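Note: the block below is input-v6.txt and it holds compact mmCIF, C-alpha atoms.
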# COMPACT_ATOMS: atom_id res chain seq x y z
CA MET A 1 -48.88 -52.34 34.59
CA LYS A 2 -52.44 -51.34 35.35
CA LYS A 3 -55.01 -52.63 32.90
CA HIS A 4 -57.66 -50.32 31.51
CA TRP A 5 -61.03 -51.11 30.02
CA TYR A 6 -59.64 -50.45 26.55
CA ASP A 7 -57.01 -53.15 26.99
CA TYR A 8 -59.79 -55.69 26.50
CA LEU A 9 -61.01 -54.43 23.14
CA TRP A 10 -59.46 -57.49 21.50
CA ILE A 11 -62.58 -59.29 22.72
CA PHE A 12 -64.62 -56.96 20.52
CA SER A 13 -62.45 -57.76 17.49
CA LEU A 14 -62.64 -61.48 18.09
CA THR A 15 -66.40 -61.40 18.64
CA TYR A 16 -66.78 -59.39 15.45
CA LEU A 17 -65.00 -62.05 13.40
CA VAL A 18 -67.03 -64.83 15.00
CA LEU A 19 -70.36 -63.05 14.51
CA GLY A 20 -69.66 -62.84 10.79
CA PHE A 21 -69.91 -66.61 10.66
CA PHE A 22 -73.45 -66.50 12.03
CA ASN A 23 -75.01 -63.44 10.54
CA ILE A 24 -73.20 -61.44 7.92
CA LEU A 25 -75.14 -58.27 8.78
CA PHE A 26 -72.97 -57.88 11.88
CA ALA A 27 -70.22 -56.91 9.45
CA TRP A 28 -71.65 -53.39 9.54
CA LEU A 29 -70.25 -53.00 13.06
CA GLY A 30 -66.80 -53.04 11.47
CA LEU A 31 -67.41 -49.51 10.26
CA LEU A 32 -66.47 -48.47 13.79
CA CYS A 33 -62.90 -49.62 13.07
CA PHE A 34 -63.01 -47.44 10.03
CA PHE A 35 -64.53 -44.21 11.28
CA LEU A 36 -63.17 -44.05 14.83
CA PRO A 37 -59.48 -43.92 13.84
CA LEU A 38 -60.24 -41.32 11.20
CA LEU A 39 -62.34 -39.20 13.57
CA ILE A 40 -59.74 -39.35 16.34
CA SER A 41 -56.97 -38.32 13.98
CA LEU A 42 -59.07 -35.60 12.36
CA ILE A 43 -60.37 -34.12 15.61
CA LYS A 44 -57.54 -34.72 18.06
CA GLY A 45 -54.65 -35.03 15.63
CA THR A 46 -53.33 -38.18 17.30
CA LYS A 47 -53.12 -41.87 16.57
CA GLY A 48 -55.07 -42.54 19.74
CA TYR A 49 -56.94 -45.35 18.05
CA CYS A 50 -53.78 -47.31 17.18
CA ASN A 51 -52.14 -46.41 20.46
CA ARG A 52 -55.02 -47.44 22.70
CA TYR A 53 -58.20 -48.76 21.23
CA CYS A 54 -57.28 -50.97 18.29
CA GLY A 55 -58.66 -54.39 19.20
CA ARG A 56 -57.13 -56.06 16.21
CA GLY A 57 -53.65 -54.92 17.18
CA GLN A 58 -54.28 -56.20 20.70
CA LEU A 59 -55.43 -59.53 19.31
CA PHE A 60 -52.22 -59.92 17.28
CA GLY A 61 -50.21 -58.82 20.31
CA LEU A 62 -51.90 -61.44 22.44
CA LEU A 63 -51.66 -64.31 19.95
CA GLY A 64 -48.11 -63.50 18.88
CA GLY A 65 -46.92 -62.44 22.31
CA ARG A 66 -48.48 -64.36 25.13
CA PHE A 67 -49.51 -67.34 23.00
CA GLY A 68 -46.12 -67.35 21.30
CA LEU A 69 -47.45 -67.70 17.76
CA SER A 70 -44.78 -65.46 16.31
CA ARG A 71 -41.18 -65.96 15.20
CA LYS A 72 -40.44 -62.43 16.47
CA LYS A 73 -38.10 -61.68 13.59
CA ASP A 74 -37.51 -58.26 12.07
CA ILE A 75 -39.90 -57.26 9.32
CA PRO A 76 -38.16 -56.97 5.91
CA LEU A 77 -36.95 -53.48 5.00
CA TRP A 78 -39.23 -53.16 1.98
CA MET A 79 -42.31 -53.84 4.07
CA LYS A 80 -41.73 -50.80 6.25
CA SER A 81 -40.72 -48.56 3.36
CA LYS A 82 -42.91 -45.58 2.55
CA GLY A 83 -43.42 -46.91 -0.97
CA PHE A 84 -44.94 -50.16 0.19
CA ARG A 85 -47.01 -48.57 2.95
CA TYR A 86 -48.53 -45.90 0.73
CA GLY A 87 -48.82 -48.33 -2.16
CA PHE A 88 -50.74 -50.77 0.00
CA LEU A 89 -52.98 -47.95 1.22
CA VAL A 90 -53.82 -46.97 -2.36
CA PHE A 91 -54.45 -50.59 -3.34
CA PHE A 92 -56.61 -51.14 -0.25
CA LEU A 93 -58.70 -48.03 -0.91
CA THR A 94 -59.11 -48.96 -4.58
CA MET A 95 -60.44 -52.37 -3.59
CA PHE A 96 -62.65 -50.70 -1.02
CA PHE A 97 -64.24 -48.42 -3.61
CA LEU A 98 -64.65 -51.38 -5.94
CA MET A 99 -66.58 -53.06 -3.13
CA LEU A 100 -68.75 -49.95 -2.74
CA TRP A 101 -69.35 -49.97 -6.51
CA ASN A 102 -70.50 -53.61 -6.34
CA THR A 103 -72.86 -52.65 -3.53
CA TYR A 104 -74.23 -49.88 -5.71
CA LEU A 105 -74.75 -52.28 -8.61
CA VAL A 106 -76.86 -54.52 -6.37
CA PHE A 107 -78.72 -51.47 -5.11
CA ALA A 108 -79.44 -50.37 -8.67
CA GLY A 109 -80.62 -53.85 -9.56
CA ALA A 110 -77.88 -54.33 -12.16
CA GLN A 111 -76.32 -57.20 -10.27
CA ASP A 112 -77.53 -59.99 -8.01
CA LEU A 113 -76.52 -60.38 -4.40
CA LYS A 114 -73.47 -62.64 -4.13
CA GLN A 115 -73.40 -64.62 -0.91
CA VAL A 116 -69.65 -65.01 -0.90
CA VAL A 117 -66.76 -63.71 1.15
CA THR A 118 -63.77 -62.87 -1.03
CA LEU A 119 -60.50 -63.70 0.69
CA LEU A 120 -57.33 -61.87 -0.31
CA TRP A 121 -59.33 -60.14 -3.08
CA THR A 122 -59.19 -63.40 -5.04
CA PHE A 123 -60.69 -66.46 -3.43
CA LYS A 124 -64.47 -66.58 -3.35
CA VAL A 125 -65.62 -68.52 -0.33
CA PRO A 126 -69.31 -69.55 -0.22
CA TRP A 127 -70.85 -67.91 2.83
CA GLN A 128 -74.59 -68.47 2.40
CA TRP A 129 -74.96 -69.98 5.88
CA ALA A 130 -74.52 -66.55 7.41
CA TYR A 131 -77.28 -64.95 5.37
CA HIS A 132 -80.83 -65.12 6.64
CA GLY A 133 -82.36 -62.36 4.58
CA THR A 134 -82.48 -58.68 5.30
CA LEU A 135 -85.29 -56.38 6.36
CA PHE A 136 -84.04 -53.74 3.99
CA HIS A 137 -82.59 -53.77 0.52
CA GLU A 138 -80.29 -56.61 -0.61
CA ALA A 139 -77.57 -54.03 -1.12
CA ILE A 140 -77.32 -53.79 2.68
CA ALA A 141 -76.31 -57.45 2.71
CA GLN A 142 -74.00 -57.02 -0.27
CA PHE A 143 -72.12 -54.32 1.61
CA ALA A 144 -71.93 -56.60 4.64
CA PHE A 145 -70.40 -59.42 2.57
CA GLY A 146 -67.97 -56.97 1.00
CA PHE A 147 -66.99 -55.33 4.24
CA TYR A 148 -66.56 -58.62 6.03
CA SER A 149 -64.31 -59.74 3.16
CA VAL A 150 -62.13 -56.69 3.78
CA MET A 151 -61.97 -57.36 7.52
CA LEU A 152 -61.27 -61.07 7.18
CA THR A 153 -58.67 -60.52 4.47
CA SER A 154 -56.79 -58.01 6.58
CA THR A 155 -56.98 -60.35 9.56
CA VAL A 156 -55.54 -63.20 7.50
CA LEU A 157 -52.72 -60.98 6.22
CA GLY A 158 -52.11 -59.75 9.75
CA LEU A 159 -51.96 -63.30 11.07
CA ILE A 160 -49.48 -64.35 8.40
CA THR A 161 -47.12 -61.45 9.14
CA MET A 162 -47.68 -62.00 12.86
CA ILE A 163 -46.35 -65.54 12.52
CA LEU A 164 -43.48 -64.62 10.18
CA PHE A 165 -42.32 -61.43 11.87
CA LYS A 166 -43.26 -59.63 15.08
CA PRO A 167 -46.75 -59.98 16.63
CA ARG A 168 -48.02 -56.59 15.56
CA SER A 169 -46.34 -56.49 12.14
CA TRP A 170 -49.74 -55.66 10.67
CA CYS A 171 -49.49 -52.24 12.35
CA VAL A 172 -46.53 -51.39 10.11
CA TYR A 173 -48.53 -51.57 6.88
CA CYS A 174 -52.09 -51.26 8.21
CA PRO A 175 -53.88 -48.94 5.77
CA MET A 176 -55.81 -47.26 8.59
CA GLY A 177 -52.58 -46.68 10.47
CA THR A 178 -50.88 -45.21 7.42
CA MET A 179 -53.89 -43.03 6.71
CA THR A 180 -54.22 -41.71 10.27
CA GLN A 181 -50.47 -41.02 10.45
CA LEU A 182 -50.77 -39.09 7.19
CA ILE A 183 -53.69 -37.08 8.59
CA CYS A 184 -51.68 -36.33 11.75
CA LYS A 185 -48.70 -35.24 9.67
CA VAL A 186 -50.84 -32.81 7.66
CA LYS A 187 -52.76 -31.58 10.69
CA ASN A 188 -49.73 -31.03 12.92
CA ARG A 189 -47.53 -29.50 10.26
CA MET B 1 -10.25 -37.63 38.25
CA CYS B 2 -12.99 -37.36 35.69
CA LYS B 3 -14.58 -40.65 34.77
CA ILE B 4 -16.67 -41.04 31.62
CA LYS B 5 -19.96 -42.73 32.38
CA LYS B 6 -21.66 -44.89 29.80
CA LYS B 7 -25.39 -45.42 29.81
CA ARG B 8 -27.75 -47.35 27.61
CA LYS B 9 -30.56 -45.41 25.93
CA ALA B 10 -33.20 -46.19 23.33
CA PHE B 11 -33.11 -44.37 20.01
CA VAL B 12 -35.97 -44.23 17.52
CA GLN B 13 -35.31 -44.14 13.79
CA GLN B 14 -38.07 -41.57 13.48
CA THR B 15 -38.41 -41.44 9.70
CA ASP B 16 -39.50 -45.09 9.65
CA CYS B 17 -41.66 -45.00 12.81
CA VAL B 18 -45.33 -45.78 12.16
CA ALA B 19 -46.52 -44.33 15.48
CA CYS B 20 -48.42 -47.48 16.44
CA GLY B 21 -47.60 -47.01 20.11
CA CYS B 22 -46.54 -50.60 20.88
CA CYS B 23 -43.40 -49.23 22.57
CA VAL B 24 -45.44 -46.95 24.83
CA LYS B 25 -47.39 -49.91 26.18
CA VAL B 26 -44.34 -51.92 27.21
CA CYS B 27 -42.14 -49.17 28.65
CA PRO B 28 -41.98 -49.77 32.41
CA LEU B 29 -40.94 -46.19 33.08
CA GLY B 30 -43.27 -44.33 30.76
CA ALA B 31 -40.22 -42.95 29.02
CA ILE B 32 -41.51 -43.17 25.48
CA GLN B 33 -44.44 -41.32 23.95
CA VAL B 34 -46.02 -41.02 20.54
CA VAL B 35 -45.85 -37.35 19.62
CA LYS B 36 -48.74 -35.91 17.61
CA GLY B 37 -49.49 -39.24 15.97
CA ILE B 38 -46.37 -39.01 13.86
CA MET B 39 -43.52 -40.73 15.67
CA ALA B 40 -42.32 -42.07 19.00
CA GLU B 41 -39.99 -39.99 21.11
CA VAL B 42 -37.80 -41.13 24.00
CA ASN B 43 -37.43 -39.11 27.16
CA MET B 44 -33.70 -39.48 27.73
CA GLU B 45 -34.00 -38.49 31.39
CA LYS B 46 -36.31 -41.40 32.14
CA CYS B 47 -34.97 -44.05 29.74
CA VAL B 48 -32.76 -46.71 31.31
CA GLY B 49 -32.13 -48.59 28.07
CA CYS B 50 -33.86 -51.81 29.08
CA GLY B 51 -34.69 -52.54 25.45
CA LYS B 52 -38.28 -53.67 25.92
CA CYS B 53 -39.49 -51.11 23.37
CA ALA B 54 -36.89 -52.20 20.82
CA LYS B 55 -37.95 -55.81 21.21
CA GLU B 56 -41.64 -54.94 20.85
CA CYS B 57 -41.41 -52.47 17.94
CA PRO B 58 -43.07 -54.20 14.96
CA ALA B 59 -41.06 -52.12 12.51
CA SER B 60 -37.83 -52.70 14.47
CA VAL B 61 -36.92 -49.04 14.32
CA ILE B 62 -35.80 -48.72 17.94
CA GLU B 63 -32.21 -49.40 18.87
CA VAL B 64 -30.53 -49.36 22.27
CA ARG B 65 -27.13 -47.69 22.15
CA GLU B 66 -24.52 -46.82 24.72
CA VAL B 67 -24.01 -43.13 25.15
CA GLU B 68 -21.37 -41.25 27.09
CA ILE B 69 -22.65 -38.88 29.69
As structure tokens - that is how I would like this structure written.
Amino acid sequence: MKKHWYDYLWIFSLTYLVLGFFNILFAWLGLLCFFLPLLISLIKGTKGYCNRYCGRGQLFGLLGGRFGLSRKKDIPLWMKSKGFRYGFLVFFLTMFFLMLWNTYLVFAGAQDLKQVVTLLWTFKVPWQWAYHGTLFHEAIAQFAFGFYSVMLTSTVLGLITMILFKPRSWCVYCPMGTMTQLICKVKNR
Amino acid sequence: MCKIKKKRKAFVQQTDCVACGCCVKVCPLGAIQVVKGIMAEVNMEKCVGCGKCAKECPASVIEVREVEI
């Protein structure tokens, strides 16, 4: 099948993750993976982002497919149930707003900048090597640490389910995917 | 004499489909599409039941069945 330019967006996703190890401020670029799917679903009423442009999905597809790092077993029934998918979306958004709140606290001067990346919402990994100061407010860096935590956490989860089940198992419970499908359902009712 | 023909076709369990579009990418005949970002739909005219989509589907909601035509 003919390859398109957007079939190489996995390079963008991989580069993004690598850049976060060098300078945490690059984490801001990840907002693209947040706003583009929403905009496409809101404006066009499709899941065009998932279907074509999602670099993360491509990365899992590549690692699990061509590189064979996947058992290629069926995902458990509960994981594809509406309850789990919507539940995970709510949990994910709650943690996201908590992250925004922490950013605000740093902005307001009520809290110090924490140079850590929190994995799986639990494990605080020291990440000071990727922070070289910021031209603006420290809250800009706090958001970057928080956002990178979200991106790395979801990548880790995606990799685990990639290995256990099918390569793109992450797509089944991806909060962005669930959210854009919900938007499409409402919009195309 | 009338002979019953059996053909293999892909069927999507649409209530559980997440509309990720993985099936669309692997279909060699372009016989499956994601409709309005909600679910995948098979074009029965084009589908030859090769099963690539079923194998790829991360939610395993595609099944290849024999149908009588």
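Note that the spacing between CA of Val42 (chain B) and CA of Thr178 (chain A) amounts to 21.5 Å.
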With 10 Å as the cut-off and all atoms listed in the file counted, what is the closest atom pair between each nearby residue of chain B and chain A? Distances in Å to one decimal, ordered by chain and number, as CSV.
residue,atom,partner,partner_atom,distance
B:Thr15,CA,A:Lys82,CA,9.4
B:Asp16,CA,A:Lys80,CA,7.0
B:Cys17,CA,A:Val172,CA,8.5
B:Val18,CA,A:Val172,CA,6.1
B:Ala19,CA,A:Lys47,CA,7.1
B:Cys20,CA,A:Cys50,CA,5.4
B:Gly21,CA,A:Asn51,CA,4.6
B:Cys22,CA,A:Asn51,CA,7.0
B:Cys23,CA,A:Asn51,CA,9.4
B:Val24,CA,A:Asn51,CA,8.0
B:Lys25,CA,A:Asn51,CA,8.2
B:Val26,CA,A:Met1,CA,8.7
B:Cys27,CA,A:Met1,CA,9.5
B:Pro28,CA,A:Met1,CA,7.7
B:Gln33,CA,A:Asn51,CA,9.9
B:Val34,CA,A:Asn51,CA,8.2
B:Val35,CA,A:Thr46,CA,7.9
B:Lys36,CA,A:Thr46,CA,5.1
B:Gly37,CA,A:Thr46,CA,4.2
B:Ile38,CA,A:Gln181,CA,5.7
B:Met39,CA,A:Gln181,CA,8.7
B:Lys55,CA,A:Lys72,CA,8.5
B:Glu56,CA,A:Lys166,CA,7.6
B:Cys57,CA,A:Lys166,CA,7.9
B:Pro58,CA,A:Ser169,CA,4.9
B:Ala59,CA,A:Val172,CA,6.0
B:Ser60,CA,A:Asp74,CA,6.1
B:Val61,CA,A:Asp74,CA,9.5
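Computed from the coordinates, the CA of Gly51 (chain B) to CA of Val64 (chain B) distance equals 6.1 Å.
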Handout entry: Interatomic distance (Å, one decimal) between CA of Leu62 (chain A) and CA of Leu25 (chain A)
Key = 27.1 Å
Practice task
Identify the residues within 8 Å of coordinate (-59.2, -43.8, 10.6) (same frame as the file), considering only C-alpha atoms, and give the answer as a ChimeraX atom specification.
Solution key: /A:33-41,49,176-177,179-180
Problem - For Phe21 (chain A), the nearest of the candidates A:Val90, A:Leu63, A:Val125, A:Ala139, counting only C-alpha atoms - result: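 The closest residue to Phe21 (chain A) is A:Val125.
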Practice task
Counting all atoms listed in the file, figure out which residue out of B:Glu45, B:Gly30, B:Glu63, B:Ala40 gets nearest to Ala10 (chain B).
Solution key: B:Glu63
Problem - Spatial neighbours of Gly30 (chain A), 12 Å, all atoms listed in the file, chain gap at least 5 places, as a list in words - result: Phe12, Ser13, Leu14, Thr15, Tyr16, Leu17, Leu19, Gly20, Ile24, Leu25, Phe35, Leu36, Pro37, Cys54, Gly55, Arg56, Phe143, Ala144, Phe145, Gly146, Phe147, Tyr148, Ser149, Val150, Met151 and Leu152 of chain A
Practice task
Fewer than 2 positions away in the same chain doesn't count, so skip those; otherwise give me all residues within 9 Å of Lys46 (chain B), counting all atoms listed in the file, as a list in words.
Solution key: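 Skipping anything fewer than 2 positions along the chain leaves Leu29, Gly30, Ala31, Ile32, Val42, Asn43, Met44 and Val48 of chain B.
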For region 173-176 of chain A, take all atoms listed in the file, fit an axis-aligned box around them, add 8 Å to each of the six sides, then output centre and edge lengths in Å rounded to one decimal, as JSON.
{"center_x": -52.2, "center_y": -49.4, "center_z": 7.2, "size_x": 23.3, "size_y": 20.3, "size_z": 18.8}
What would region 17-43 of chain B look like with N, CA, C and O atoms in place, written as a PDB file, in the coordinates of the input?
ATOM      1  N   CYS B  17     -40.702 -44.679  11.742  1.00  0.00           N
ATOM      2  CA  CYS B  17     -41.660 -45.000  12.810  1.00  0.00           C
ATOM      3  C   CYS B  17     -43.084 -44.858  12.295  1.00  0.00           C
ATOM      4  O   CYS B  17     -43.409 -43.907  11.596  1.00  0.00           O
ATOM      5  N   VAL B  18     -43.941 -45.845  12.624  1.00  0.00           N
ATOM      6  CA  VAL B  18     -45.330 -45.780  12.160  1.00  0.00           C
ATOM      7  C   VAL B  18     -46.274 -45.253  13.241  1.00  0.00           C
ATOM      8  O   VAL B  18     -47.475 -45.190  13.037  1.00  0.00           O
ATOM      9  N   ALA B  19     -45.742 -44.916  14.382  1.00  0.00           N
ATOM     10  CA  ALA B  19     -46.520 -44.330  15.480  1.00  0.00           C
ATOM     11  C   ALA B  19     -47.636 -45.235  15.991  1.00  0.00           C
ATOM     12  O   ALA B  19     -48.702 -44.758  16.364  1.00  0.00           O
ATOM     13  N   CYS B  20     -47.375 -46.539  15.998  1.00  0.00           N
ATOM     14  CA  CYS B  20     -48.420 -47.480  16.440  1.00  0.00           C
ATOM     15  C   CYS B  20     -48.581 -47.467  17.958  1.00  0.00           C
ATOM     16  O   CYS B  20     -49.643 -47.790  18.474  1.00  0.00           O
ATOM     17  N   GLY B  21     -47.502 -47.116  18.657  1.00  0.00           N
ATOM     18  CA  GLY B  21     -47.600 -47.010  20.110  1.00  0.00           C
ATOM     19  C   GLY B  21     -47.344 -48.301  20.876  1.00  0.00           C
ATOM     20  O   GLY B  21     -47.598 -48.364  22.076  1.00  0.00           O
ATOM     21  N   CYS B  22     -46.847 -49.334  20.202  1.00  0.00           N
ATOM     22  CA  CYS B  22     -46.540 -50.600  20.880  1.00  0.00           C
ATOM     23  C   CYS B  22     -45.467 -50.382  21.949  1.00  0.00           C
ATOM     24  O   CYS B  22     -45.510 -50.981  23.026  1.00  0.00           O
ATOM     25  N   CYS B  23     -44.503 -49.510  21.639  1.00  0.00           N
ATOM     26  CA  CYS B  23     -43.400 -49.230  22.570  1.00  0.00           C
ATOM     27  C   CYS B  23     -43.916 -48.570  23.842  1.00  0.00           C
ATOM     28  O   CYS B  23     -43.464 -48.891  24.945  1.00  0.00           O
ATOM     29  N   VAL B  24     -44.888 -47.672  23.678  1.00  0.00           N
ATOM     30  CA  VAL B  24     -45.440 -46.950  24.830  1.00  0.00           C
ATOM     31  C   VAL B  24     -46.021 -47.925  25.839  1.00  0.00           C
ATOM     32  O   VAL B  24     -45.856 -47.773  27.048  1.00  0.00           O
ATOM     33  N   LYS B  25     -46.708 -48.943  25.308  1.00  0.00           N
ATOM     34  CA  LYS B  25     -47.390 -49.910  26.180  1.00  0.00           C
ATOM     35  C   LYS B  25     -46.426 -50.729  27.019  1.00  0.00           C
ATOM     36  O   LYS B  25     -46.754 -51.126  28.124  1.00  0.00           O
ATOM     37  N   VAL B  26     -45.237 -51.025  26.480  1.00  0.00           N
ATOM     38  CA  VAL B  26     -44.340 -51.920  27.210  1.00  0.00           C
ATOM     39  C   VAL B  26     -43.307 -51.204  28.072  1.00  0.00           C
ATOM     40  O   VAL B  26     -42.658 -51.835  28.909  1.00  0.00           O
ATOM     41  N   CYS B  27     -43.162 -49.886  27.892  1.00  0.00           N
ATOM     42  CA  CYS B  27     -42.140 -49.170  28.650  1.00  0.00           C
ATOM     43  C   CYS B  27     -42.495 -49.127  30.142  1.00  0.00           C
ATOM     44  O   CYS B  27     -43.519 -48.576  30.522  1.00  0.00           O
ATOM     45  N   PRO B  28     -41.649 -49.726  30.987  1.00  0.00           N
ATOM     46  CA  PRO B  28     -41.980 -49.770  32.410  1.00  0.00           C
ATOM     47  C   PRO B  28     -41.832 -48.417  33.106  1.00  0.00           C
ATOM     48  O   PRO B  28     -42.340 -48.232  34.213  1.00  0.00           O
ATOM     49  N   LEU B  29     -41.169 -47.483  32.439  1.00  0.00           N
ATOM     50  CA  LEU B  29     -40.940 -46.190  33.080  1.00  0.00           C
ATOM     51  C   LEU B  29     -41.710 -45.045  32.428  1.00  0.00           C
ATOM     52  O   LEU B  29     -41.547 -43.888  32.792  1.00  0.00           O
ATOM     53  N   GLY B  30     -42.524 -45.380  31.464  1.00  0.00           N
ATOM     54  CA  GLY B  30     -43.270 -44.330  30.760  1.00  0.00           C
ATOM     55  C   GLY B  30     -42.329 -43.323  30.115  1.00  0.00           C
ATOM     56  O   GLY B  30     -42.589 -42.129  30.088  1.00  0.00           O
ATOM     57  N   ALA B  31     -41.242 -43.835  29.562  1.00  0.00           N
ATOM     58  CA  ALA B  31     -40.220 -42.950  29.020  1.00  0.00           C
ATOM     59  C   ALA B  31     -40.350 -42.721  27.526  1.00  0.00           C
ATOM     60  O   ALA B  31     -39.555 -42.003  26.933  1.00  0.00           O
ATOM     61  N   ILE B  32     -41.355 -43.350  26.927  1.00  0.00           N
ATOM     62  CA  ILE B  32     -41.510 -43.170  25.480  1.00  0.00           C
ATOM     63  C   ILE B  32     -42.949 -42.794  25.166  1.00  0.00           C
ATOM     64  O   ILE B  32     -43.883 -43.315  25.774  1.00  0.00           O
ATOM     65  N   GLN B  33     -43.116 -41.824  24.299  1.00  0.00           N
ATOM     66  CA  GLN B  33     -44.440 -41.320  23.950  1.00  0.00           C
ATOM     67  C   GLN B  33     -44.559 -41.192  22.437  1.00  0.00           C
ATOM     68  O   GLN B  33     -43.560 -40.967  21.768  1.00  0.00           O
ATOM     69  N   VAL B  34     -45.799 -41.311  21.947  1.00  0.00           N
ATOM     70  CA  VAL B  34     -46.020 -41.020  20.540  1.00  0.00           C
ATOM     71  C   VAL B  34     -46.409 -39.542  20.444  1.00  0.00           C
ATOM     72  O   VAL B  34     -47.369 -39.100  21.068  1.00  0.00           O
ATOM     73  N   VAL B  35     -45.615 -38.787  19.712  1.00  0.00           N
ATOM     74  CA  VAL B  35     -45.850 -37.350  19.620  1.00  0.00           C
ATOM     75  C   VAL B  35     -46.702 -37.007  18.407  1.00  0.00           C
ATOM     76  O   VAL B  35     -46.334 -37.320  17.276  1.00  0.00           O
ATOM     77  N   LYS B  36     -47.833 -36.396  18.654  1.00  0.00           N
ATOM     78  CA  LYS B  36     -48.740 -35.910  17.610  1.00  0.00           C
ATOM     79  C   LYS B  36     -49.095 -36.936  16.539  1.00  0.00           C
ATOM     80  O   LYS B  36     -49.329 -36.596  15.385  1.00  0.00           O
ATOM     81  N   GLY B  37     -49.096 -38.199  16.926  1.00  0.00           N
ATOM     82  CA  GLY B  37     -49.490 -39.240  15.970  1.00  0.00           C
ATOM     83  C   GLY B  37     -48.526 -39.447  14.826  1.00  0.00           C
ATOM     84  O   GLY B  37     -48.863 -40.056  13.822  1.00  0.00           O
ATOM     85  N   ILE B  38     -47.300 -38.918  14.974  1.00  0.00           N
ATOM     86  CA  ILE B  38     -46.370 -39.010  13.860  1.00  0.00           C
ATOM     87  C   ILE B  38     -45.224 -39.985  14.149  1.00  0.00           C
ATOM     88  O   ILE B  38     -44.888 -40.824  13.324  1.00  0.00           O
ATOM     89  N   MET B  39     -44.651 -39.866  15.347  1.00  0.00           N
ATOM     90  CA  MET B  39     -43.520 -40.730  15.670  1.00  0.00           C
ATOM     91  C   MET B  39     -43.345 -40.840  17.182  1.00  0.00           C
ATOM     92  O   MET B  39     -43.838 -40.022  17.942  1.00  0.00           O
ATOM     93  N   ALA B  40     -42.603 -41.880  17.576  1.00  0.00           N
ATOM     94  CA  ALA B  40     -42.320 -42.070  19.000  1.00  0.00           C
ATOM     95  C   ALA B  40     -41.092 -41.247  19.385  1.00  0.00           C
ATOM     96  O   ALA B  40     -40.195 -41.041  18.574  1.00  0.00           O
ATOM     97  N   GLU B  41     -41.111 -40.779  20.632  1.00  0.00           N
ATOM     98  CA  GLU B  41     -39.990 -39.990  21.110  1.00  0.00           C
ATOM     99  C   GLU B  41     -39.592 -40.473  22.507  1.00  0.00           C
ATOM    100  O   GLU B  41     -40.454 -40.705  23.346  1.00  0.00           O
ATOM    101  N   VAL B  42     -38.295 -40.624  22.713  1.00  0.00           N
ATOM    102  CA  VAL B  42     -37.800 -41.130  24.000  1.00  0.00           C
ATOM    103  C   VAL B  42     -37.426 -39.964  24.913  1.00  0.00           C
ATOM    104  O   VAL B  42     -36.790 -39.005  24.488  1.00  0.00           O
ATOM    105  N   ASN B  43     -37.854 -40.072  26.155  1.00  0.00           N
ATOM    106  CA  ASN B  43     -37.430 -39.110  27.160  1.00  0.00           C
ATOM    107  C   ASN B  43     -36.122 -39.625  27.759  1.00  0.00           C
ATOM    108  O   ASN B  43     -36.113 -40.591  28.515  1.00  0.00           O
TER     109      ASN B  43
END
